[in-house]
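K.L.:
This structure is in structure tokens; I'll ask about it shortly.
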Amino acid sequence: MAESTAQGARPVFSLAENAESEPVQVTWAGSYLALGARLARYVDSLDRKQLVVALSVPRRDYVAALVGAGWTLTRPAQGGAGDPLRIARELGSHAWCRALNASYVYVGELRELNETASPARMRYAGSHFQVNNFLRMAPSVALEGERRQQRPWPGSVVRYTGAIRDWEDRLVAPTQDLALVGIESRVRADLEAVLCRVGDEDGDRLDTLLMPWRRDAATWFSRIYSSARLEEAPHGYSAVVLDGQGAIKYVAEILSPIVVCVIDRSVADETQAENLVNMRLTEGTAVDVSELLGWRPPVGIEIMGFEVRL
């Protein structure tokens, strides 16, 4: 692995451990966010190949979450979102859809659309609504129950990255193509952190940027898997981030086009790092990630990349 020697970067973001903590300006937050963004743009160019990126970091804190946030902020909405009345007409009764108003995101069954009323009304997600109270709507797969959650409000980072332009469409038609695997309690603790562009005051919790699946969630962008309870590698995702040695052991089983492995050097166990090197030598073709993506790692970070056939 080649270690970065880049110096003198000016902080673009500040990071606070949680909403009550004092933010600290950090250069590396923007670097990891940019890596996730560049991978999100690059993934569609992979043709039956998998790109594995291994990052060896002094400490794993926030790395997986920031790379994941860069991914989710860059991937476009899934498509299909539109004017609620038009979508309701097209879907018809008994279709499942996700809808957004000024306060909540809903997901549920559209049971009836009544256009004889003025304004038009619908029986949806277990209640009655005026259709014009909703801002956006999109088709959804059926879930095991109808749900409602508070609308996540975007802040500094969503504006900075441009994701604000289609934020409402992202909420009703999310691209749920990212998985994070690691010690779940640590990953969720990282998501309490607040990322903010330097000079702004309204930062975003990493939880808002990644919006991981929960049992009662009406919408989500990603899903977290516990490496301790994982019986098989997650499938069906465009990208998987393996956070730590306990997660990286599943790398050979993952068939996603993008795999990011976060190696924590504060843990005295080089087994998985050695396995990745062996995998590159025996199964992969080495690539220069910096040249491929135009991404320079922060100082002290070692990076290795290789491609394998899928």
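Ligands are numbered from 1 in the order shown, residues from 1 within each chain, and chains are lettered A, B, ... in the order they appear in the structure tokens.
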Contacts of region 20-31 of chain A at 7 Å or less, counting only C-alpha atoms, minus same-chain residues fewer than 3 places along, as a ChimeraX atom specification?
P.N.:
/A:9-17,34-35,66,297-298
K.L.:
Kindly export the residues of the current selection with C-alpha atoms, as a PDB file, in the first residue's frame.
P.N.:
```pdb
ATOM      1  CA  ALA A   9      -5.090  20.890   2.839  1.00  0.00           C
ATOM      2  CA  ARG A  10      -7.474  23.494   4.203  1.00  0.00           C
ATOM      3  CA  PRO A  11     -10.484  22.188   6.169  1.00  0.00           C
ATOM      4  CA  VAL A  12     -13.797  22.383   4.334  1.00  0.00           C
ATOM      5  CA  PHE A  13     -15.821  20.700   7.081  1.00  0.00           C
ATOM      6  CA  SER A  14     -16.103  20.622  10.839  1.00  0.00           C
ATOM      7  CA  LEU A  15     -17.145  17.534  12.750  1.00  0.00           C
ATOM      8  CA  ALA A  16     -18.771  17.312  16.172  1.00  0.00           C
ATOM      9  CA  GLU A  17     -19.136  14.045  18.090  1.00  0.00           C
ATOM     10  CA  ALA A  34     -15.094  12.807  -1.697  1.00  0.00           C
ATOM     11  CA  LEU A  35     -13.994   9.169  -1.950  1.00  0.00           C
ATOM     12  CA  LEU A  66     -18.173   9.480   5.814  1.00  0.00           C
ATOM     13  CA  PRO A 297      -5.921  10.168   0.461  1.00  0.00           C
ATOM     14  CA  PRO A 298      -5.270  12.174   3.642  1.00  0.00           C
TER      15      PRO A 298
END
```
K.L.:
Write down as a PyMOL selection string the residues of region 13-165 of chain A whose backbone DSSP state falls under alpha helix (DSSP H).
P.N.:
chain A and resi 28-42+63-74+84-91+156-161
K.L.:
Tell me, as a count of residues only, which residues lie within 8 Å of region 70-83 of chain A, counting only C-alpha atoms; anything in the same chain fewer than 2 positions away does not count.
P.N.:
36
K.L.:
Need to verify the contact set: region 267-279 of chain A, 8 Å, only C-alpha atoms, exclusion of same-chain residues closer than 3 positions in sequence. Can you return it as a ChimeraX atom specification?
P.N.:
/A:54,245,248-249,263-264,282-284
K.L.:
Just the selected residues (C-alpha atoms), exported as a compact mmCIF listing (two decimals), in the first residue's frame, please.
P.N.:
```
# COMPACT_ATOMS: atom_id res chain seq x y z
CA ALA A 54 -8.68 -1.00 1.03
CA GLN A 245 -11.30 -6.65 10.59
CA ILE A 248 -13.45 -7.60 6.08
CA LYS A 249 -13.36 -11.39 6.49
CA ILE A 263 -8.53 -1.46 8.14
CA ASP A 264 -8.10 -0.06 11.66
CA THR A 282 -4.12 -14.32 -6.69
CA GLU A 283 -7.50 -13.09 -7.98
CA GLY A 284 -7.25 -9.42 -8.84
```
K.L.:
Enumerate, in order of chain and increasing residue number, the residues of region 209-234 of chain A with an atom no farther than 8 Å from region 140-152 of chain A, each with its shortest atom pair and distance in Å to one decimal, counting only C-alpha atoms, as a Markdown table.
P.N.:
```
| residue | atom | partner | partner_atom | distance |
| --- | --- | --- | --- | --- |
| A:Asp216 | CA | A:Arg147 | CA | 6.5 |
| A:Ala217 | CA | A:Gln149 | CA | 6.3 |
| A:Ala218 | CA | A:Arg147 | CA | 5.3 |
```
K.L.:
For the residues selected in the previous step, produce a file with C-alpha atoms as a PDB file, in the first residue's frame.
P.N.:
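To be explicit, this is the file written out as again_7.pdb:
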```pdb
ATOM      1  CA  ASP A 216     -40.080   1.619  11.885  1.00  0.00           C
ATOM      2  CA  ALA A 217     -38.493   3.673   9.067  1.00  0.00           C
ATOM      3  CA  ALA A 218     -40.679   4.959   6.245  1.00  0.00           C
TER       4      ALA A 218
END
```
K.L.:
Separation of CA of Ala233 (chain A) and CA of Arg215 (chain A), in Å?
P.N.:
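It comes out at 20.1 Å.
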K.L.:
Could you go through region 99-219 of chain A and tell me which residues DSSP, when run on the backbone, assigns to strand (DSSP E), listing them as an MDAnalysis selection string?
P.N.:
chainID A and resid 99:100 104:114 121:124 127:130 136:139 147:150 178:182 194:197 204:205
K.L.:
Using only C-alpha atoms, find the one residue out of A:Arg205, A:Arg98, A:Arg214, A:His235 that sits nearest to Ala19 (chain A).
P.N.:
A:Arg205
K.L.:
Interatomic distance between CA of Glu231 (chain A) and CA of Pro58 (chain A)?
P.N.:
28.7 Å
K.L.:
Identify, on the basis of only C-alpha atoms, every residue whose closest approach to Asn18 (chain A) does not exceed 8 Å; exclude the query and any residue fewer than 6 positions from it along the same chain; express the result as a PyMOL selection string.
P.N.:
chain A and resi 192-194+205
K.L.:
Neighbours of Gln50 (chain A) within 8 Å (only C-alpha atoms; same-chain residues fewer than 5 positions away dropped), as an MDAnalysis selection string?
P.N.:
chainID A and resid 255:259 307:310
